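Engineer: Let me begin by handing over the structure; questions about it come next.
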Amino acid sequence: MNIRIENMEGVTVLFVREDRLDANNSEELKTELNRLFDNGAVDVVIDLKEILFIDSSGLGVLVSGYKNSSTRHGSLKLSSLQSQVKSMFELTRLHRVFDIFTTVDDALQSYR
Amino acid sequence: MRSDFNIDIRLPAHTRCLRMISRIGEKVAQEVECSEALHEILPGQLAVVLTEGVVNAIKHAGNSAPAEDIHVRIDVADHNLMIRIYDSGRGFDLDSVPSPCFTSNGIAEKGRGVFILRSLMDTVKYTRSADGNVLEMQKSLK
C-alpha cells in the first residue's frame with residue numbers, strides 16, 4: 001500500500017495514496033497504523049483524498065485506529081472524504097463517531 | 001439501456017478480484033432501466049454490494065486448496081435486480097451477525113458487511129445446503 005507519512009505539528013498524518021480501501025489492502029493500513037502507535041503516535045490524521053471506494057473492511061480498520069488512538073488518550077481524525085466514501089460513513093453512522101474535516105489543515109487546526 | 005439480461009461470473013476466491021467485481025457492478029448499474037435518482041446512486045451501491053458479497057463468499061469458501069472459484073450471477077428482469085453469490089464452504093448464519101452500529105459495548109470493528117448489504121438491498125437471504133450455499137440479494141428497480 002502506498003502511504004506517505006508526515007509528522008505535522010506533533011500530529012502523525014497519513015496520506016493514503018490508493019483509490020480503494022477494501023478487503024484486499026486494508027490490513028496493510030492496519031499494520032502501518034499499529035506500527036505507528038507502537039512507536040508512540042497518539043494523535044493521527046488520515047487523509048482519504050485519493051480513496052474513491054471503501055468497504056466494510058476499510059471502515060473496520062479506521063475504527064480500529066480510532067480505538068487505538070483513544071486508548072492512548074489521543075484522537076484519530078479523518079480528512080478529504082470523497083462523496084462515495086462519505087456516503088458509506090453516513091450509511092454505517094460512523095460520521096457520528098469520527099471527526100471529519102474537509103482538509104488536512106482543518107484537521108490539524110482542531111488539535112491546536 | 002437494456003431491460004432484461006443476466007450475467008454469470010466465476011472469479012478466483014481472492015480479494016485481488018474485488019476491483020474487477022466492483023467495476024462489473026458499476027457497469028451493470030449503468031445498463032439497467034430505473035429512475036434517474038436511482039441511476040445516480042446505483043453504480044456505487046452495486047460496487048459495494050458485490051464487493052461485500054464476494055468477500056463474504058471468500059471468507060466462507062472453505063479451506064480446500066486450491067480454493068474453489070466464486071460464482072456470481074446477476075439477473076435483471078421485470079424491473080427487478082437479483083444477485084446470487086454462491087460458495088461451497090461451511091456457510092454462516094446471517095441472522096447471527098449483530099448490527100455493529102448500536103452495540104452498548106463501544107464501536108465494533110467488524111460486522112458492517114451484512115449491515116451494508118441489508119441497507120442497500122431490499123431483501124438479503126443466505127441459504128445453506130449440502131450442495132453449496134447461496135447469498136441472494138434482491139432490489140426493486142422501480
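Following the order of the C-alpha cells, first chain is A, next is B, and so on, with residues numbered from 1 inside each chain and ligands from 1 in the order they appear.
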List the neighbours of region 124-140 of chain B out to 8 Å using only C-alpha atoms; skip same-chain residues closer than 4 positions along the sequence, and give me the result as a list in words.
Structural biologist: Gly53, His79, Asn80, Leu81, Met82, Ile83, Arg84, Ile85, Tyr86, Asp87, Ser88, Gly89, Gly91, Phe92, Asp93, Leu94, Leu117 and Arg118 of chain B
Engineer: Counting only C-alpha atoms, a student should be able to say which residues of chain A come within 6 Å of chain B; what is the right answer, written as a list of chain:residue names?
Structural biologist: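 Close enough to count are A:Asn24, A:Ser56, A:Gly60, A:Val63, A:Ser64.
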Engineer: With N, CA, C and O atoms retained, export the selected residues as a PDB file, in the first residue's frame.
Structural biologist:
ATOM      1  N   ASN A  24      -8.869  -6.122   0.227  1.00  0.00           N
ATOM      2  CA  ASN A  24      -7.610  -6.529  -0.401  1.00  0.00           C
ATOM      3  C   ASN A  24      -6.402  -5.787   0.164  1.00  0.00           C
ATOM      4  O   ASN A  24      -5.292  -6.289   0.071  1.00  0.00           O
ATOM      5  N   SER A  56     -16.525  -2.475   4.044  1.00  0.00           N
ATOM      6  CA  SER A  56     -16.620  -2.648   5.498  1.00  0.00           C
ATOM      7  C   SER A  56     -15.259  -2.970   6.116  1.00  0.00           C
ATOM      8  O   SER A  56     -15.001  -2.602   7.265  1.00  0.00           O
ATOM      9  N   GLY A  60     -13.598  -0.850   9.035  1.00  0.00           N
ATOM     10  CA  GLY A  60     -13.189  -1.550  10.253  1.00  0.00           C
ATOM     11  C   GLY A  60     -11.774  -1.176  10.683  1.00  0.00           C
ATOM     12  O   GLY A  60     -11.499  -1.007  11.878  1.00  0.00           O
ATOM     13  N   VAL A  63     -11.860   2.218  12.246  1.00  0.00           N
ATOM     14  CA  VAL A  63     -12.411   2.104  13.607  1.00  0.00           C
ATOM     15  C   VAL A  63     -11.344   1.564  14.552  1.00  0.00           C
ATOM     16  O   VAL A  63     -11.179   2.050  15.680  1.00  0.00           O
ATOM     17  N   SER A  64     -10.595   0.572  14.091  1.00  0.00           N
ATOM     18  CA  SER A  64      -9.515   0.005  14.897  1.00  0.00           C
ATOM     19  C   SER A  64      -8.503   1.094  15.271  1.00  0.00           C
ATOM     20  O   SER A  64      -8.079   1.200  16.433  1.00  0.00           O
TER      21      SER A  64
END
Engineer: Just want the 8 Å neighbourhood of Lys30 (chain A), counted on only C-alpha atoms, with same-chain residues fewer than 5 positions away dropped. Output as a ChimeraX atom specification.
Structural biologist: /A:61-62,64-65
Engineer: Set out as a Markdown table a contact list for region 22-102 of chain A and region 8-14 of chain A with a cut-off of 7 Å, giving each residue of region 22-102 of chain A that qualifies its closest atom pair and distance in Å to one decimal, counting only C-alpha atoms, ordered by chain and rising residue number.
Structural biologist:
| residue | atom | partner | partner_atom | distance |
| --- | --- | --- | --- | --- |
| A:Ala41 | CA | A:Thr12 | CA | 6.6 |
| A:Asp43 | CA | A:Val11 | CA | 5.2 |
| A:Val44 | CA | A:Thr12 | CA | 4.7 |
| A:Val45 | CA | A:Val13 | CA | 4.7 |
| A:Ile46 | CA | A:Leu14 | CA | 4.8 |
| A:Asp47 | CA | A:Leu14 | CA | 6.0 |
Engineer: Would you mind exporting all heavy atoms of the selected residues as an mmCIF file, in the first residue's frame?
Structural biologist:
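Saved result, result-v1.cif, follows:
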data_model
loop_
_atom_site.group_PDB
_atom_site.id
_atom_site.type_symbol
_atom_site.label_atom_id
_atom_site.label_comp_id
_atom_site.auth_asym_id
_atom_site.auth_seq_id
_atom_site.Cartn_x
_atom_site.Cartn_y
_atom_site.Cartn_z
ATOM 1 N N ALA A 41 2.942 7.120 18.370
ATOM 2 C CA ALA A 41 1.941 8.045 17.807
ATOM 3 C C ALA A 41 0.707 8.086 18.716
ATOM 4 O O ALA A 41 0.315 7.065 19.294
ATOM 5 C CB ALA A 41 1.542 7.601 16.402
ATOM 6 N N ASP A 43 -1.888 11.259 18.355
ATOM 7 C CA ASP A 43 -2.864 11.950 17.505
ATOM 8 C C ASP A 43 -2.548 11.657 16.039
ATOM 9 O O ASP A 43 -1.406 11.826 15.599
ATOM 10 C CB ASP A 43 -2.800 13.467 17.754
ATOM 11 C CG ASP A 43 -3.337 13.827 19.131
ATOM 12 O OD1 ASP A 43 -4.315 13.187 19.563
ATOM 13 O OD2 ASP A 43 -2.778 14.730 19.774
ATOM 14 N N VAL A 44 -3.576 11.232 15.330
ATOM 15 C CA VAL A 44 -3.373 10.790 13.941
ATOM 16 C C VAL A 44 -4.455 11.378 13.043
ATOM 17 O O VAL A 44 -5.636 11.386 13.402
ATOM 18 C CB VAL A 44 -3.430 9.239 13.857
ATOM 19 C CG1 VAL A 44 -3.335 8.769 12.408
ATOM 20 C CG2 VAL A 44 -2.319 8.599 14.690
ATOM 21 N N VAL A 45 -4.028 11.874 11.886
ATOM 22 C CA VAL A 45 -4.985 12.277 10.842
ATOM 23 C C VAL A 45 -4.765 11.346 9.654
ATOM 24 O O VAL A 45 -3.630 11.114 9.242
ATOM 25 C CB VAL A 45 -4.768 13.745 10.394
ATOM 26 C CG1 VAL A 45 -5.633 14.068 9.180
ATOM 27 C CG2 VAL A 45 -5.081 14.706 11.540
ATOM 28 N N ILE A 46 -5.853 10.801 9.139
ATOM 29 C CA ILE A 46 -5.751 10.002 7.916
ATOM 30 C C ILE A 46 -6.459 10.767 6.805
ATOM 31 O O ILE A 46 -7.656 11.058 6.899
ATOM 32 C CB ILE A 46 -6.376 8.600 8.090
ATOM 33 C CG1 ILE A 46 -5.706 7.857 9.255
ATOM 34 C CG2 ILE A 46 -6.231 7.785 6.799
ATOM 35 C CD1 ILE A 46 -6.246 6.461 9.508
ATOM 36 N N ASP A 47 -5.677 11.113 5.786
ATOM 37 C CA ASP A 47 -6.240 11.844 4.652
ATOM 38 C C ASP A 47 -6.676 10.841 3.581
ATOM 39 O O ASP A 47 -5.873 10.051 3.087
ATOM 40 C CB ASP A 47 -5.202 12.810 4.080
ATOM 41 C CG ASP A 47 -5.810 13.700 3.014
ATOM 42 O OD1 ASP A 47 -6.548 14.633 3.378
ATOM 43 O OD2 ASP A 47 -5.559 13.447 1.822
#
Engineer: What separation in Å, quoted to one decimal, exists between CA of Ile74 (chain B) and CA of Asp55 (chain A)?
Structural biologist: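 Separating CA of Ile74 (chain B) from CA of Asp55 (chain A) is a distance of 20.2 Å.
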Engineer: With DSSP run on the backbone, what are the alpha helix (DSSP H) residues within region 17-74 of chain B? I'd like them as a ChimeraX atom specification.
Structural biologist: /B:18-31,36-59
Engineer: Just C-alpha atoms for this one: save the residues we selected as a PDB file, in the first residue's frame.
Structural biologist:
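And here is the file that came out, out_11.pdb:
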ATOM      1  CA  LEU B  18     -12.586  -7.071  -5.759  1.00  0.00           C
ATOM      2  CA  ARG B  19     -11.701  -4.192  -8.067  1.00  0.00           C
ATOM      3  CA  MET B  20     -12.989  -6.183 -11.042  1.00  0.00           C
ATOM      4  CA  ILE B  21     -16.294  -7.182  -9.398  1.00  0.00           C
ATOM      5  CA  SER B  22     -16.827  -3.556  -8.309  1.00  0.00           C
ATOM      6  CA  ARG B  23     -16.391  -2.400 -11.900  1.00  0.00           C
ATOM      7  CA  ILE B  24     -18.846  -5.055 -13.112  1.00  0.00           C
ATOM      8  CA  GLY B  25     -21.364  -3.762 -10.557  1.00  0.00           C
ATOM      9  CA  GLU B  26     -20.933  -0.208 -11.828  1.00  0.00           C
ATOM     10  CA  LYS B  27     -21.360  -1.298 -15.453  1.00  0.00           C
ATOM     11  CA  VAL B  28     -24.489  -3.335 -14.674  1.00  0.00           C
ATOM     12  CA  ALA B  29     -25.990  -0.334 -12.874  1.00  0.00           C
ATOM     13  CA  GLN B  30     -25.343   1.840 -15.908  1.00  0.00           C
ATOM     14  CA  GLU B  31     -27.198  -0.635 -18.143  1.00  0.00           C
ATOM     15  CA  GLU B  36     -32.949   8.979 -12.680  1.00  0.00           C
ATOM     16  CA  ALA B  37     -32.422   9.277  -8.950  1.00  0.00           C
ATOM     17  CA  LEU B  38     -31.609   5.570  -8.580  1.00  0.00           C
ATOM     18  CA  HIS B  39     -29.441   5.664 -11.679  1.00  0.00           C
ATOM     19  CA  GLU B  40     -27.195   8.173  -9.990  1.00  0.00           C
ATOM     20  CA  ILE B  41     -26.536   6.134  -6.829  1.00  0.00           C
ATOM     21  CA  LEU B  42     -26.899   2.566  -8.146  1.00  0.00           C
ATOM     22  CA  PRO B  43     -23.340   2.214  -9.589  1.00  0.00           C
ATOM     23  CA  GLY B  44     -21.774   2.951  -6.199  1.00  0.00           C
ATOM     24  CA  GLN B  45     -24.280   0.760  -4.401  1.00  0.00           C
ATOM     25  CA  LEU B  46     -23.740  -2.265  -6.654  1.00  0.00           C
ATOM     26  CA  ALA B  47     -19.959  -1.860  -6.440  1.00  0.00           C
ATOM     27  CA  VAL B  48     -20.222  -2.078  -2.651  1.00  0.00           C
ATOM     28  CA  VAL B  49     -22.834  -4.851  -2.583  1.00  0.00           C
ATOM     29  CA  LEU B  50     -20.854  -7.101  -4.947  1.00  0.00           C
ATOM     30  CA  THR B  51     -17.611  -6.409  -3.069  1.00  0.00           C
ATOM     31  CA  GLU B  52     -19.157  -7.245   0.317  1.00  0.00           C
ATOM     32  CA  GLY B  53     -20.886 -10.327  -1.089  1.00  0.00           C
ATOM     33  CA  VAL B  54     -17.741 -11.684  -2.736  1.00  0.00           C
ATOM     34  CA  VAL B  55     -15.622 -11.005   0.374  1.00  0.00           C
ATOM     35  CA  ASN B  56     -18.218 -12.901   2.360  1.00  0.00           C
ATOM     36  CA  ALA B  57     -18.034 -15.836  -0.073  1.00  0.00           C
ATOM     37  CA  ILE B  58     -14.217 -15.829   0.050  1.00  0.00           C
ATOM     38  CA  LYS B  59     -14.334 -15.920   3.860  1.00  0.00           C
TER      39      LYS B  59
END
Engineer: I'd like the interatomic distance between CA of Val42 (chain A) and CA of Ser70 (chain A), to a tenth of an Å.
Structural biologist: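 Straight-line distance from CA of Val42 (chain A) to CA of Ser70 (chain A) works out to 8.2 Å.
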Engineer: In Å to one decimal, how far is CA of Ile5 (chain A) from CA of Glu32 (chain A)?
Structural biologist: 9.9 Å
Engineer: Determine, counting only C-alpha atoms, which protein, DNA and RNA residues have an atom within 9 Å of an atom of Phe37 (chain A); residues of the same chain fewer than 6 positions away are not included. Present the result as a PDB file with N, CA, C and O atoms, in the first residue's frame.
Structural biologist:
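What ended up in result37.pdb:
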ATOM      1  N   GLY A  65      -8.125   1.921  14.304  1.00  0.00           N
ATOM      2  CA  GLY A  65      -7.191   3.015  14.561  1.00  0.00           C
ATOM      3  C   GLY A  65      -7.784   4.040  15.525  1.00  0.00           C
ATOM      4  O   GLY A  65      -7.093   4.525  16.422  1.00  0.00           O
ATOM      5  N   ASN A  68      -7.589   2.564  18.969  1.00  0.00           N
ATOM      6  CA  ASN A  68      -6.189   2.535  19.396  1.00  0.00           C
ATOM      7  C   ASN A  68      -5.740   3.915  19.870  1.00  0.00           C
ATOM      8  O   ASN A  68      -5.065   4.055  20.890  1.00  0.00           O
ATOM      9  N   SER A  69      -6.109   4.922  19.111  1.00  0.00           N
ATOM     10  CA  SER A  69      -5.741   6.286  19.446  1.00  0.00           C
ATOM     11  C   SER A  69      -6.422   6.734  20.749  1.00  0.00           C
ATOM     12  O   SER A  69      -5.794   7.338  21.625  1.00  0.00           O
ATOM     13  N   ARG A  72      -4.879   5.570  23.852  1.00  0.00           N
ATOM     14  CA  ARG A  72      -3.657   6.315  24.191  1.00  0.00           C
ATOM     15  C   ARG A  72      -3.972   7.781  24.522  1.00  0.00           C
ATOM     16  O   ARG A  72      -3.099   8.631  24.473  1.00  0.00           O
TER      17      ARG A  72
END
Engineer: For Ile70 (chain B), please output as a count of residues only all residues within 6 Å (counting only C-alpha atoms; exclusion window: fewer than 2 positions along the same chain).
Structural biologist: 3
